[in-house]
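Undergrad: Pasting target-v2.txt below, which is compact mmCIF, C-alpha atoms and all ligand atoms.
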```
# COMPACT_ATOMS: atom_id res chain seq x y z
CA MET A 1 -14.59 29.09 2.97
CA SER A 2 -13.78 30.95 6.17
CA THR A 3 -12.70 34.54 5.74
CA ASP A 4 -11.32 35.09 9.26
CA THR A 5 -7.63 35.82 9.11
CA LEU A 6 -5.64 34.26 11.88
CA THR A 7 -2.57 35.61 13.51
CA ILE A 8 0.00 32.84 13.42
CA SER A 9 3.19 33.61 15.29
CA THR A 10 6.36 32.35 13.67
CA GLN A 11 9.53 31.45 15.46
CA PRO A 12 12.04 30.90 12.66
CA VAL A 13 14.93 28.44 12.87
CA ALA A 14 18.29 29.97 13.74
CA LYS A 15 19.86 28.16 10.80
CA SER A 16 18.04 26.30 8.01
CA ARG A 17 18.98 22.64 7.44
CA ILE A 18 18.16 22.81 3.73
CA SER A 19 21.80 22.58 2.68
CA GLU A 20 21.77 18.99 4.06
CA LEU A 21 19.27 18.03 1.38
CA ASP A 22 20.27 16.80 -2.09
CA PHE A 23 17.13 17.34 -4.19
CA ASN A 24 18.38 14.79 -6.72
CA ASN A 25 18.77 12.10 -4.12
CA ILE A 26 16.01 12.41 -1.50
CA GLU A 27 15.79 9.66 1.08
CA PHE A 28 12.15 8.94 1.91
CA GLY A 29 10.69 10.13 5.21
CA LYS A 30 13.90 10.99 7.02
CA ILE A 31 14.64 14.65 6.41
CA PHE A 32 12.02 17.05 7.63
CA SER A 33 11.51 20.66 6.64
CA ASP A 34 12.69 23.38 9.01
CA HIS A 35 9.36 24.23 10.62
CA MET A 36 6.12 22.74 11.91
CA LEU A 37 2.74 24.17 12.82
CA VAL A 38 1.39 23.46 16.29
CA ALA A 39 -2.02 24.28 17.79
CA ASP A 40 -3.33 23.02 21.11
CA PHE A 41 -6.90 22.39 22.19
CA LYS A 42 -7.44 23.23 25.86
CA ASP A 43 -10.18 24.65 28.09
CA GLY A 44 -12.68 23.65 25.41
CA ALA A 45 -11.17 25.72 22.58
CA TRP A 46 -8.44 25.65 19.96
CA GLN A 47 -5.63 28.03 20.89
CA SER A 48 -3.73 30.20 18.39
CA PRO A 49 -1.50 28.13 16.12
CA GLN A 50 2.24 28.74 16.04
CA ILE A 51 4.95 27.97 13.55
CA VAL A 52 8.05 26.75 15.36
CA PRO A 53 11.28 24.94 14.42
CA TYR A 54 10.73 21.24 13.64
CA GLY A 55 11.76 19.30 16.71
CA ASN A 56 10.89 16.84 19.43
CA MET A 57 7.82 17.31 21.59
CA SER A 58 7.89 16.80 25.30
CA LEU A 59 5.05 14.52 26.43
CA SER A 60 3.97 12.96 29.69
CA PRO A 61 4.35 9.14 29.81
CA ALA A 62 0.61 9.12 30.58
CA THR A 63 -0.28 10.96 27.33
CA SER A 64 -3.58 9.32 26.49
CA ALA A 65 -3.02 8.99 22.70
CA ILE A 66 -0.09 6.66 23.39
CA HIS A 67 -2.24 4.34 25.48
CA TYR A 68 -5.70 4.46 23.95
CA GLY A 69 -5.04 5.55 20.41
CA GLN A 70 -7.00 8.76 19.98
CA ALA A 71 -4.73 9.75 17.10
CA ILE A 72 -5.57 10.56 13.48
CA PHE A 73 -3.63 11.85 10.50
CA GLU A 74 -3.71 12.98 6.90
CA GLY A 75 -1.27 12.79 4.01
CA MET A 76 -1.01 15.18 1.07
CA LYS A 77 1.54 16.56 -1.36
CA ALA A 78 2.67 19.98 -2.60
CA TYR A 79 4.31 20.37 -6.00
CA ARG A 80 6.44 23.11 -7.54
CA SER A 81 4.90 24.60 -10.67
CA ALA A 82 7.02 25.55 -13.68
CA ASP A 83 6.66 29.23 -12.67
CA GLY A 84 7.88 28.52 -9.13
CA ASP A 85 4.58 28.59 -7.20
CA ILE A 86 3.48 25.91 -4.75
CA LEU A 87 0.55 23.74 -5.83
CA LEU A 88 -1.48 21.72 -3.35
CA PHE A 89 -3.83 19.02 -4.58
CA ARG A 90 -7.36 19.08 -3.08
CA PRO A 91 -6.29 20.24 0.41
CA TYR A 92 -9.90 20.98 1.45
CA ASP A 93 -10.65 17.31 0.99
CA ASN A 94 -7.86 16.39 3.39
CA PHE A 95 -9.21 19.00 5.81
CA LYS A 96 -12.72 17.55 5.57
CA ARG A 97 -11.50 13.97 5.91
CA LEU A 98 -9.42 14.86 8.99
CA ASN A 99 -12.60 16.12 10.64
CA ILE A 100 -14.52 12.99 9.62
CA SER A 101 -11.78 10.98 11.36
CA ALA A 102 -11.88 13.39 14.33
CA ASP A 103 -15.61 12.88 14.76
CA ARG A 104 -15.24 9.08 14.81
CA MET A 105 -12.42 9.23 17.36
CA CYS A 106 -14.07 11.80 19.71
CA ILE A 107 -11.45 14.41 18.81
CA PRO A 108 -12.67 18.04 18.48
CA GLU A 109 -12.90 19.24 14.88
CA ILE A 110 -10.11 21.46 13.67
CA PRO A 111 -11.43 24.81 12.37
CA GLU A 112 -10.92 25.43 8.68
CA GLU A 113 -8.88 28.59 9.24
CA ILE A 114 -6.35 26.81 11.46
CA PHE A 115 -5.93 23.98 8.95
CA MET A 116 -5.92 26.01 5.74
CA GLN A 117 -4.20 29.20 6.86
CA GLY A 118 -1.79 27.22 9.03
CA LEU A 119 -0.92 25.00 6.07
CA GLU A 120 -0.48 27.92 3.71
CA GLN A 121 1.71 29.92 6.09
CA LEU A 122 3.82 26.90 6.95
CA LEU A 123 4.40 26.26 3.25
CA ARG A 124 5.35 29.90 2.70
CA VAL A 125 7.90 29.70 5.53
CA ASP A 126 9.30 26.39 4.22
CA ALA A 127 8.81 27.17 0.50
CA ALA A 128 12.44 26.31 -0.26
CA TRP A 129 11.73 22.71 0.76
CA VAL A 130 9.24 22.10 -2.07
CA PRO A 131 11.47 20.23 -4.52
CA PRO A 132 12.03 21.83 -7.93
CA THR A 133 12.90 18.45 -9.48
CA ALA A 134 10.32 16.82 -11.77
CA GLY A 135 8.22 14.19 -10.04
CA SER A 136 9.41 15.12 -6.54
CA ALA A 137 7.07 16.73 -4.04
CA LEU A 138 6.77 17.93 -0.47
CA TYR A 139 4.84 15.34 1.52
CA ILE A 140 2.70 17.00 4.20
CA ARG A 141 1.55 15.27 7.35
CA PRO A 142 -1.24 16.96 9.37
CA PHE A 143 -2.21 15.02 12.51
CA MET A 144 -4.10 15.33 15.81
CA PHE A 145 -3.74 13.40 19.03
CA ALA A 146 -5.01 13.30 22.60
CA THR A 147 -2.71 14.92 25.15
CA ASP A 148 -4.34 14.44 28.55
CA ASP A 149 -1.85 13.05 31.04
CA PHE A 150 -4.43 10.76 32.53
CA ILE A 151 -4.67 6.99 32.31
CA GLY A 152 -8.43 6.60 32.64
CA VAL A 153 -10.14 5.43 29.45
CA ARG A 154 -12.26 8.35 28.27
CA PRO A 155 -12.07 10.96 25.52
CA SER A 156 -9.20 13.31 26.34
CA SER A 157 -9.92 16.96 27.18
CA ASN A 158 -6.71 18.22 25.56
CA TYR A 159 -5.40 17.68 22.03
CA ARG A 160 -2.60 18.79 19.75
CA PHE A 161 -2.85 19.50 16.03
CA THR A 162 0.44 19.55 14.14
CA ILE A 163 1.57 19.79 10.53
CA PHE A 164 5.10 18.91 9.42
CA SER A 165 6.48 18.06 6.01
CA CYS A 166 9.28 16.21 4.25
CA PRO A 167 10.51 16.29 0.66
CA VAL A 168 9.95 13.06 -1.28
CA ALA A 169 11.44 11.84 -4.54
CA ALA A 170 9.39 10.83 -7.57
CA TYR A 171 7.56 7.67 -6.60
CA TYR A 172 8.65 4.75 -8.63
CA SER A 173 7.92 1.19 -7.83
CA ALA A 174 7.93 -1.82 -10.10
CA PRO A 175 4.43 -3.30 -10.47
CA VAL A 176 3.65 -5.06 -7.21
CA LYS A 177 2.61 -8.57 -6.27
CA VAL A 178 -0.40 -8.48 -3.95
CA ALA A 179 -2.30 -11.17 -2.09
CA ILE A 180 -6.00 -11.27 -1.30
CA GLU A 181 -6.34 -11.61 2.48
CA THR A 182 -8.96 -14.07 3.62
CA ASN A 183 -7.98 -14.55 7.24
CA TYR A 184 -7.20 -11.24 8.93
CA VAL A 185 -9.50 -8.21 8.91
CA ARG A 186 -8.68 -4.50 8.69
CA SER A 187 -12.12 -3.16 9.30
CA ALA A 188 -15.67 -4.32 9.98
CA GLU A 189 -19.01 -2.60 9.58
CA GLY A 190 -19.53 -0.33 12.55
CA GLY A 191 -15.77 -0.03 13.08
CA ALA A 192 -13.44 2.85 12.26
CA GLY A 193 -12.19 1.74 8.84
CA TYR A 194 -13.38 4.93 7.15
CA ALA A 195 -11.29 7.03 9.53
CA LYS A 196 -7.58 7.67 9.12
CA ALA A 197 -7.00 6.54 12.68
CA ALA A 198 -3.50 5.51 13.75
CA GLY A 199 -4.64 2.17 15.18
CA ASN A 200 -5.97 0.99 11.81
CA TYR A 201 -2.41 1.07 10.51
CA GLY A 202 -0.81 -0.49 13.59
CA ALA A 203 -3.20 -3.43 13.44
CA ALA A 204 -2.53 -3.95 9.72
CA LEU A 205 1.22 -4.38 10.13
CA TYR A 206 1.13 -8.00 11.28
CA PRO A 207 -1.01 -9.43 8.43
CA ALA A 208 1.00 -7.35 5.92
CA LYS A 209 4.27 -8.66 7.36
CA LYS A 210 3.05 -12.25 7.03
CA MET A 211 2.20 -11.67 3.38
CA GLN A 212 5.58 -10.03 2.77
CA GLU A 213 7.27 -13.13 4.14
CA LYS A 214 5.43 -15.08 1.43
CA GLY A 215 6.71 -12.71 -1.25
CA TYR A 216 3.76 -10.32 -1.65
CA GLN A 217 4.45 -6.63 -1.09
CA GLN A 218 0.88 -5.72 -0.23
CA LEU A 219 -2.37 -7.38 0.63
CA ILE A 220 -5.89 -6.68 -0.51
CA TRP A 221 -8.39 -6.71 2.32
CA THR A 222 -11.72 -8.43 1.95
CA ASP A 223 -14.94 -7.87 3.89
CA ALA A 224 -14.89 -8.96 7.53
CA LYS A 225 -18.06 -11.08 7.34
CA GLU A 226 -17.48 -13.45 4.43
CA HIS A 227 -14.10 -12.54 2.89
CA LYS A 228 -15.93 -12.49 -0.45
CA TYR A 229 -15.74 -8.85 -1.43
CA ILE A 230 -12.71 -6.69 -2.19
CA GLU A 231 -12.19 -3.73 0.16
CA GLU A 232 -8.90 -1.86 -0.31
CA SER A 233 -5.16 -2.29 -0.03
CA GLY A 234 -2.61 -1.13 2.60
CA THR A 235 -2.68 2.62 2.00
CA MET A 236 -4.50 2.59 -1.30
CA ASN A 237 -7.91 2.02 -2.78
CA VAL A 238 -8.02 -0.63 -5.50
CA MET A 239 -9.42 -0.61 -9.01
CA PHE A 240 -9.77 -3.12 -11.83
CA VAL A 241 -10.48 -2.91 -15.52
CA ILE A 242 -12.61 -5.79 -16.77
CA ASP A 243 -13.57 -5.76 -20.42
CA GLY A 244 -12.90 -2.05 -20.73
CA VAL A 245 -14.94 -1.06 -17.65
CA LEU A 246 -13.25 0.60 -14.66
CA ILE A 247 -14.57 -1.08 -11.51
CA THR A 248 -13.90 -0.23 -7.86
CA PRO A 249 -15.56 -1.03 -4.53
CA SER A 250 -18.01 1.68 -3.40
CA VAL A 251 -16.86 3.63 -0.37
CA SER A 252 -18.51 2.46 2.83
CA SER A 253 -17.98 2.56 6.57
CA THR A 254 -15.17 0.03 6.17
CA ILE A 255 -13.13 1.77 3.45
CA LEU A 256 -11.14 5.00 3.50
CA ALA A 257 -12.58 7.38 0.90
CA GLY A 258 -9.39 8.12 -1.00
CA ILE A 259 -8.99 11.51 -2.63
CA THR A 260 -6.97 9.92 -5.42
CA ARG A 261 -9.73 7.35 -5.87
CA ASP A 262 -12.31 10.07 -6.37
CA SER A 263 -9.99 11.98 -8.74
CA VAL A 264 -9.21 8.90 -10.85
CA LEU A 265 -12.91 8.07 -11.21
CA GLN A 266 -13.77 11.63 -12.21
CA VAL A 267 -10.99 11.91 -14.80
CA ALA A 268 -11.79 8.45 -16.22
CA ARG A 269 -15.48 9.35 -16.58
CA ASP A 270 -14.59 12.58 -18.31
CA MET A 271 -12.32 10.68 -20.70
CA GLY A 272 -15.40 8.71 -21.67
CA TYR A 273 -14.69 5.45 -19.87
CA LYS A 274 -17.44 3.47 -18.24
CA VAL A 275 -16.97 3.51 -14.44
CA GLU A 276 -18.71 1.32 -11.88
CA GLU A 277 -18.62 1.88 -8.10
CA ARG A 278 -20.18 -1.18 -6.50
CA LYS A 279 -19.42 -4.33 -4.58
CA VAL A 280 -16.59 -6.20 -6.29
CA SER A 281 -16.42 -9.89 -5.48
CA VAL A 282 -13.23 -11.92 -5.44
CA ALA A 283 -15.03 -14.53 -7.58
CA GLU A 284 -15.62 -11.93 -10.27
CA ILE A 285 -11.91 -11.07 -10.41
CA VAL A 286 -10.92 -14.74 -10.59
CA GLU A 287 -13.48 -15.42 -13.34
CA ALA A 288 -12.41 -12.39 -15.34
CA HIS A 289 -8.80 -13.50 -15.10
CA LYS A 290 -9.73 -16.98 -16.32
CA ALA A 291 -11.73 -15.53 -19.18
CA GLY A 292 -8.86 -13.23 -20.14
CA THR A 293 -10.92 -10.08 -19.52
CA LEU A 294 -9.04 -8.78 -16.44
CA GLN A 295 -7.03 -6.12 -18.21
CA GLU A 296 -5.77 -3.88 -15.40
CA ALA A 297 -5.46 -3.81 -11.63
CA PHE A 298 -3.96 -0.97 -9.62
CA GLY A 299 -3.96 0.88 -6.33
CA THR A 300 -4.72 4.61 -5.99
CA GLY A 301 -3.29 6.87 -3.30
CA THR A 302 -1.37 10.06 -2.58
CA ALA A 303 2.02 8.33 -2.48
CA ALA A 304 1.99 6.89 -5.99
CA THR A 305 -1.17 8.31 -7.60
CA ILE A 306 -1.43 4.94 -9.37
CA ALA A 307 0.54 1.85 -8.34
CA GLN A 308 0.29 -0.95 -10.87
CA ILE A 309 -0.41 -4.50 -9.74
CA ALA A 310 1.45 -7.25 -11.62
CA THR A 311 0.16 -10.33 -9.82
CA ILE A 312 -2.75 -11.12 -7.52
CA TYR A 313 -2.54 -14.17 -5.27
CA TYR A 314 -5.74 -15.90 -4.23
CA ASN A 315 -6.45 -19.32 -2.83
CA GLY A 316 -3.14 -20.97 -3.71
CA GLU A 317 -2.77 -19.42 -7.16
CA ASP A 318 -1.04 -16.42 -8.68
CA MET A 319 -3.03 -14.51 -11.27
CA ASP A 320 -0.59 -12.70 -13.57
CA LEU A 321 -1.90 -9.60 -15.27
CA PRO A 322 -1.14 -8.13 -18.69
CA ALA A 323 1.99 -5.99 -19.10
CA VAL A 324 1.74 -2.50 -17.64
CA GLU A 325 2.65 -0.75 -20.91
CA GLY A 326 -0.60 -1.90 -22.51
CA ARG A 327 -2.87 -0.68 -19.70
CA GLU A 328 -4.74 2.10 -21.38
CA ILE A 329 -7.03 3.47 -18.67
CA SER A 330 -4.64 3.59 -15.70
CA ASN A 331 -1.76 4.96 -17.76
CA ARG A 332 -3.86 7.67 -19.37
CA VAL A 333 -5.53 8.72 -16.12
CA ALA A 334 -2.26 8.68 -14.14
CA GLN A 335 -0.60 10.90 -16.70
CA GLU A 336 -3.49 13.36 -16.79
CA LEU A 337 -3.70 13.57 -13.00
CA ASP A 338 0.02 14.18 -12.66
CA ARG A 339 -0.24 16.94 -15.25
CA ILE A 340 -3.12 18.58 -13.36
CA LYS A 341 -1.33 18.31 -9.99
CA THR A 342 1.83 19.93 -11.31
CA GLY A 343 0.06 22.68 -13.27
CA GLN A 344 0.96 21.29 -16.70
CA ALA A 345 -2.66 20.67 -17.71
CA PRO A 346 -5.79 22.79 -17.20
CA ASP A 347 -7.67 22.07 -13.96
CA PRO A 348 -11.38 22.05 -14.87
CA TYR A 349 -12.21 20.62 -11.43
CA ASN A 350 -10.66 23.40 -9.32
CA TRP A 351 -8.59 20.82 -7.48
CA VAL A 352 -5.35 22.74 -7.40
CA TYR A 353 -4.78 25.26 -4.60
CA ARG A 354 -2.05 27.66 -5.71
CA ILE A 355 0.19 29.44 -3.26
CA SER A 356 1.80 32.27 -5.24
CA LEU A 357 5.16 33.21 -3.82
C1 LIG B 1 -6.26 2.93 4.15
C2 LIG B 1 -6.07 3.87 3.01
N1 LIG B 1 -6.83 3.72 1.90
C3 LIG B 1 -6.73 4.56 0.85
C4 LIG B 1 -5.82 5.60 0.85
C5 LIG B 1 -5.74 6.52 -0.33
O1 LIG B 1 -6.21 7.79 0.02
P1 LIG B 1 -5.71 9.11 -0.76
O2 LIG B 1 -5.96 8.88 -2.19
O3 LIG B 1 -6.54 10.20 -0.19
O4 LIG B 1 -4.26 9.24 -0.44
C6 LIG B 1 -5.00 5.79 1.97
C7 LIG B 1 -4.03 6.90 2.01
O5 LIG B 1 -4.32 7.94 2.53
C8 LIG B 1 -5.13 4.92 3.08
O6 LIG B 1 -4.38 5.07 4.17
```
Starting from the coordinates I provided, produce the structure as structure tokens.
Ligand SMILES: Cc1ncc(COP(=O)(O)O)c(C=O)c1O
TA:
Amino acid sequence: MSTDTLTISTQPVAKSRISELDFNNIEFGKIFSDHMLVADFKDGAWQSPQIVPYGNMSLSPATSAIHYGQAIFEGMKAYRSADGDILLFRPYDNFKRLNISADRMCIPEIPEEIFMQGLEQLLRVDAAWVPPTAGSALYIRPFMFATDDFIGVRPSSNYRFTIFSCPVAAYYSAPVKVAIETNYVRSAEGGAGYAKAAGNYGAALYPAKKMQEKGYQQLIWTDAKEHKYIEESGTMNVMFVIDGVLITPSVSSTILAGITRDSVLQVARDMGYKVEERKVSVAEIVEAHKAGTLQEAFGTGTAATIAQIATIYYNGEDMDLPAVEGREISNRVAQELDRIKTGQAPDPYNWVYRISL
């Protein structure tokens, strides 16, 4: 952990917009907190970060991120504890993953003190925006992008790092219908699938839209070579329970290493469940379903923690899964994780970063 203390200048808003927000009726992704953190990289160094009112940025039409996609992001949540503090879940892991993405996309690494102290100070300034309502949270979006106004294809010399946030309501979604994708590809070995790079998401929209037109809310990607092995879902890692064993694809160069994924596996192991991280073939899922041993399937990610899967489509057939209420492992782990994140359960893993107000 870096001990350098940064000076972060703060330009407060003239008038907070918080009165426009109804904490009991939060519309997703549309109302942003009053402030944002901004730091620029120029002349080969990160400049001092600043906290400024949330607002539009002025960019040249030649801004290289817009053309060539040197743009990466993170997603994390802050919760309000019962005693009024702000609790972040595993923020160092988001910091580390942002720099893994930066490395892959030729973006200079963000120093820990800018990310962590910037995040903490921003949350202190916008503390009122962390919802007090159970289940709600403040969604935080750190991101970095190339800012050269130059249309040659090369790594940019200038970059911007920004963090903004928006309150989000408790995530609830009915168990989803997903389809196993055997035509389009999200990521291939040697590609950038393990990075949270903007282009990965842009390129996934078209296949996802086609599946939605067929009635499936999400797709499950398979490997680019043979379409035989399960990879991950849209913005979630995927897990299955077959015969009481929790199974998930190992992380690789083609899969984003989800922080929720890692947390779910750890908690499940500590609850005494058998966990396997390995290649998971589509054939194995189909066979388990036929044999009646496919007990649970779900996605893991920051948005939902655990999103239950009701039906999996593959090769012309829908595989319907057992009712969600009876899914022991995912329900138990989801509950425990939510209790840790919100400070209601002890945190033996040191995952929670508390900002005492
Ligand atoms: C492609 C992809 N996979 C998995 C995840 C889940 O990651 P996490 O649990 O860190 O939110 C995300 C979300 O960040 C994602 O975008």
Undergrad: Do you know which residues are within 7 Å of ligand LIG 1 (chain B) using only C-alpha atoms and all ligand atoms? Can you write them as a ChimeraX atom specification?
TA: /A:74-76,196,232-237,255-261,300-303
Undergrad: Pick the closest to Pro322 in chain A from A:Cys166, A:Ala71, A:Val241, A:Val264: which is it, counting only C-alpha atoms?
TA: A:Val241
Undergrad: Pick out the closest residue to Tyr68 in chain A from this set: A:Gly215, A:Gly199, A:Pro249, A:Gly316. Count all atoms listed in the file.
TA: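 Of the candidates, the smallest distance to Tyr68 in chain A is held by A:Gly199.
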Undergrad: Using only C-alpha atoms, which of the listed residues (A:Ile110, A:Ala208, A:Ala39, A:Val267) sits closest to Arg339 in chain A?
TA: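 Looking only at the distances to Arg339 in chain A, the closest residue turns out to be A:Val267.
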Undergrad: Could you check how far CA of Ile180 in chain A sits from CA of Ser252 in chain A, in Å to one decimal?
TA: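 We find that CA of Ile180 in chain A and CA of Ser252 in chain A lie 19.0 Å from each other.
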Undergrad: With all atoms listed in the file as the basis for distance, which of A:Ile309, A:Ile107, A:Ala192, A:Ala345 is at the shortest distance from Ala82 in chain A?
TA: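 Closest to Ala82 in chain A of all the choices is A:Ala345.
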Undergrad: Using the incomplete input, complete range 272-295 of chain A to the level of N, CA, C and O atoms; output as a PDB file, in the coordinates of the input.
TA:
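Result saved to part.pdb:
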```pdb
ATOM      1  N   GLY A 272     -14.417   9.504 -20.936  1.00  0.00           N
ATOM      2  CA  GLY A 272     -15.400   8.710 -21.670  1.00  0.00           C
ATOM      3  C   GLY A 272     -15.428   7.233 -21.306  1.00  0.00           C
ATOM      4  O   GLY A 272     -16.132   6.440 -21.933  1.00  0.00           O
ATOM      5  N   TYR A 273     -14.669   6.864 -20.271  1.00  0.00           N
ATOM      6  CA  TYR A 273     -14.690   5.450 -19.870  1.00  0.00           C
ATOM      7  C   TYR A 273     -15.903   5.154 -19.015  1.00  0.00           C
ATOM      8  O   TYR A 273     -16.386   6.021 -18.279  1.00  0.00           O
ATOM      9  N   LYS A 274     -16.325   3.900 -19.085  1.00  0.00           N
ATOM     10  CA  LYS A 274     -17.440   3.470 -18.240  1.00  0.00           C
ATOM     11  C   LYS A 274     -16.856   3.129 -16.854  1.00  0.00           C
ATOM     12  O   LYS A 274     -15.856   2.406 -16.753  1.00  0.00           O
ATOM     13  N   VAL A 275     -17.478   3.682 -15.801  1.00  0.00           N
ATOM     14  CA  VAL A 275     -16.970   3.510 -14.440  1.00  0.00           C
ATOM     15  C   VAL A 275     -18.080   2.904 -13.578  1.00  0.00           C
ATOM     16  O   VAL A 275     -19.223   3.337 -13.650  1.00  0.00           O
ATOM     17  N   GLU A 276     -17.727   1.911 -12.792  1.00  0.00           N
ATOM     18  CA  GLU A 276     -18.710   1.320 -11.880  1.00  0.00           C
ATOM     19  C   GLU A 276     -18.173   1.321 -10.456  1.00  0.00           C
ATOM     20  O   GLU A 276     -17.107   0.774 -10.199  1.00  0.00           O
ATOM     21  N   GLU A 277     -18.934   1.943  -9.537  1.00  0.00           N
ATOM     22  CA  GLU A 277     -18.620   1.880  -8.100  1.00  0.00           C
ATOM     23  C   GLU A 277     -19.676   0.964  -7.495  1.00  0.00           C
ATOM     24  O   GLU A 277     -20.859   1.316  -7.480  1.00  0.00           O
ATOM     25  N   ARG A 278     -19.223  -0.181  -7.016  1.00  0.00           N
ATOM     26  CA  ARG A 278     -20.180  -1.180  -6.500  1.00  0.00           C
ATOM     27  C   ARG A 278     -19.408  -2.228  -5.739  1.00  0.00           C
ATOM     28  O   ARG A 278     -18.182  -2.156  -5.637  1.00  0.00           O
ATOM     29  N   LYS A 279     -20.118  -3.218  -5.214  1.00  0.00           N
ATOM     30  CA  LYS A 279     -19.420  -4.330  -4.580  1.00  0.00           C
ATOM     31  C   LYS A 279     -18.638  -5.081  -5.641  1.00  0.00           C
ATOM     32  O   LYS A 279     -19.154  -5.321  -6.741  1.00  0.00           O
ATOM     33  N   VAL A 280     -17.404  -5.440  -5.334  1.00  0.00           N
ATOM     34  CA  VAL A 280     -16.590  -6.200  -6.290  1.00  0.00           C
ATOM     35  C   VAL A 280     -16.226  -7.518  -5.606  1.00  0.00           C
ATOM     36  O   VAL A 280     -15.531  -7.513  -4.576  1.00  0.00           O
ATOM     37  N   SER A 281     -16.708  -8.626  -6.147  1.00  0.00           N
ATOM     38  CA  SER A 281     -16.420  -9.890  -5.480  1.00  0.00           C
ATOM     39  C   SER A 281     -15.096 -10.466  -5.954  1.00  0.00           C
ATOM     40  O   SER A 281     -14.656 -10.224  -7.090  1.00  0.00           O
ATOM     41  N   VAL A 282     -14.480 -11.249  -5.081  1.00  0.00           N
ATOM     42  CA  VAL A 282     -13.230 -11.920  -5.440  1.00  0.00           C
ATOM     43  C   VAL A 282     -13.524 -12.885  -6.597  1.00  0.00           C
ATOM     44  O   VAL A 282     -12.740 -12.988  -7.558  1.00  0.00           O
ATOM     45  N   ALA A 283     -14.676 -13.545  -6.534  1.00  0.00           N
ATOM     46  CA  ALA A 283     -15.030 -14.530  -7.580  1.00  0.00           C
ATOM     47  C   ALA A 283     -15.048 -13.871  -8.958  1.00  0.00           C
ATOM     48  O   ALA A 283     -14.592 -14.457  -9.951  1.00  0.00           O
ATOM     49  N   GLU A 284     -15.538 -12.649  -9.000  1.00  0.00           N
ATOM     50  CA  GLU A 284     -15.620 -11.930 -10.270  1.00  0.00           C
ATOM     51  C   GLU A 284     -14.215 -11.670 -10.853  1.00  0.00           C
ATOM     52  O   GLU A 284     -14.001 -11.791 -12.063  1.00  0.00           O
ATOM     53  N   ILE A 285     -13.281 -11.340  -9.962  1.00  0.00           N
ATOM     54  CA  ILE A 285     -11.910 -11.070 -10.410  1.00  0.00           C
ATOM     55  C   ILE A 285     -11.284 -12.371 -10.938  1.00  0.00           C
ATOM     56  O   ILE A 285     -10.649 -12.395 -11.999  1.00  0.00           O
ATOM     57  N   VAL A 286     -11.490 -13.438 -10.197  1.00  0.00           N
ATOM     58  CA  VAL A 286     -10.920 -14.740 -10.590  1.00  0.00           C
ATOM     59  C   VAL A 286     -11.517 -15.168 -11.939  1.00  0.00           C
ATOM     60  O   VAL A 286     -10.795 -15.596 -12.849  1.00  0.00           O
ATOM     61  N   GLU A 287     -12.828 -15.021 -12.075  1.00  0.00           N
ATOM     62  CA  GLU A 287     -13.480 -15.420 -13.340  1.00  0.00           C
ATOM     63  C   GLU A 287     -12.989 -14.576 -14.510  1.00  0.00           C
ATOM     64  O   GLU A 287     -12.722 -15.097 -15.595  1.00  0.00           O
ATOM     65  N   ALA A 288     -12.871 -13.279 -14.263  1.00  0.00           N
ATOM     66  CA  ALA A 288     -12.410 -12.390 -15.340  1.00  0.00           C
ATOM     67  C   ALA A 288     -10.988 -12.765 -15.753  1.00  0.00           C
ATOM     68  O   ALA A 288     -10.653 -12.769 -16.941  1.00  0.00           O
ATOM     69  N   HIS A 289     -10.170 -13.111 -14.773  1.00  0.00           N
ATOM     70  CA  HIS A 289      -8.800 -13.500 -15.100  1.00  0.00           C
ATOM     71  C   HIS A 289      -8.807 -14.765 -15.954  1.00  0.00           C
ATOM     72  O   HIS A 289      -8.101 -14.863 -16.962  1.00  0.00           O
ATOM     73  N   LYS A 290      -9.635 -15.719 -15.556  1.00  0.00           N
ATOM     74  CA  LYS A 290      -9.730 -16.980 -16.320  1.00  0.00           C
ATOM     75  C   LYS A 290     -10.200 -16.732 -17.743  1.00  0.00           C
ATOM     76  O   LYS A 290      -9.719 -17.333 -18.700  1.00  0.00           O
ATOM     77  N   ALA A 291     -11.151 -15.815 -17.858  1.00  0.00           N
ATOM     78  CA  ALA A 291     -11.730 -15.530 -19.180  1.00  0.00           C
ATOM     79  C   ALA A 291     -10.826 -14.629 -20.025  1.00  0.00           C
ATOM     80  O   ALA A 291     -11.128 -14.347 -21.188  1.00  0.00           O
ATOM     81  N   GLY A 292      -9.767 -14.122 -19.401  1.00  0.00           N
ATOM     82  CA  GLY A 292      -8.860 -13.230 -20.140  1.00  0.00           C
ATOM     83  C   GLY A 292      -9.382 -11.813 -20.267  1.00  0.00           C
ATOM     84  O   GLY A 292      -8.912 -11.044 -21.100  1.00  0.00           O
ATOM     85  N   THR A 293     -10.364 -11.434 -19.413  1.00  0.00           N
ATOM     86  CA  THR A 293     -10.920 -10.080 -19.520  1.00  0.00           C
ATOM     87  C   THR A 293     -10.441  -9.142 -18.406  1.00  0.00           C
ATOM     88  O   THR A 293     -10.833  -7.981 -18.363  1.00  0.00           O
ATOM     89  N   LEU A 294      -9.599  -9.653 -17.486  1.00  0.00           N
ATOM     90  CA  LEU A 294      -9.040  -8.780 -16.440  1.00  0.00           C
ATOM     91  C   LEU A 294      -7.828  -8.070 -17.035  1.00  0.00           C
ATOM     92  O   LEU A 294      -6.743  -8.626 -17.143  1.00  0.00           O
ATOM     93  N   GLN A 295      -8.059  -6.827 -17.440  1.00  0.00           N
ATOM     94  CA  GLN A 295      -7.030  -6.120 -18.210  1.00  0.00           C
ATOM     95  C   GLN A 295      -6.082  -5.293 -17.345  1.00  0.00           C
ATOM     96  O   GLN A 295      -4.927  -5.098 -17.693  1.00  0.00           O
TER      97      GLN A 295
END
```
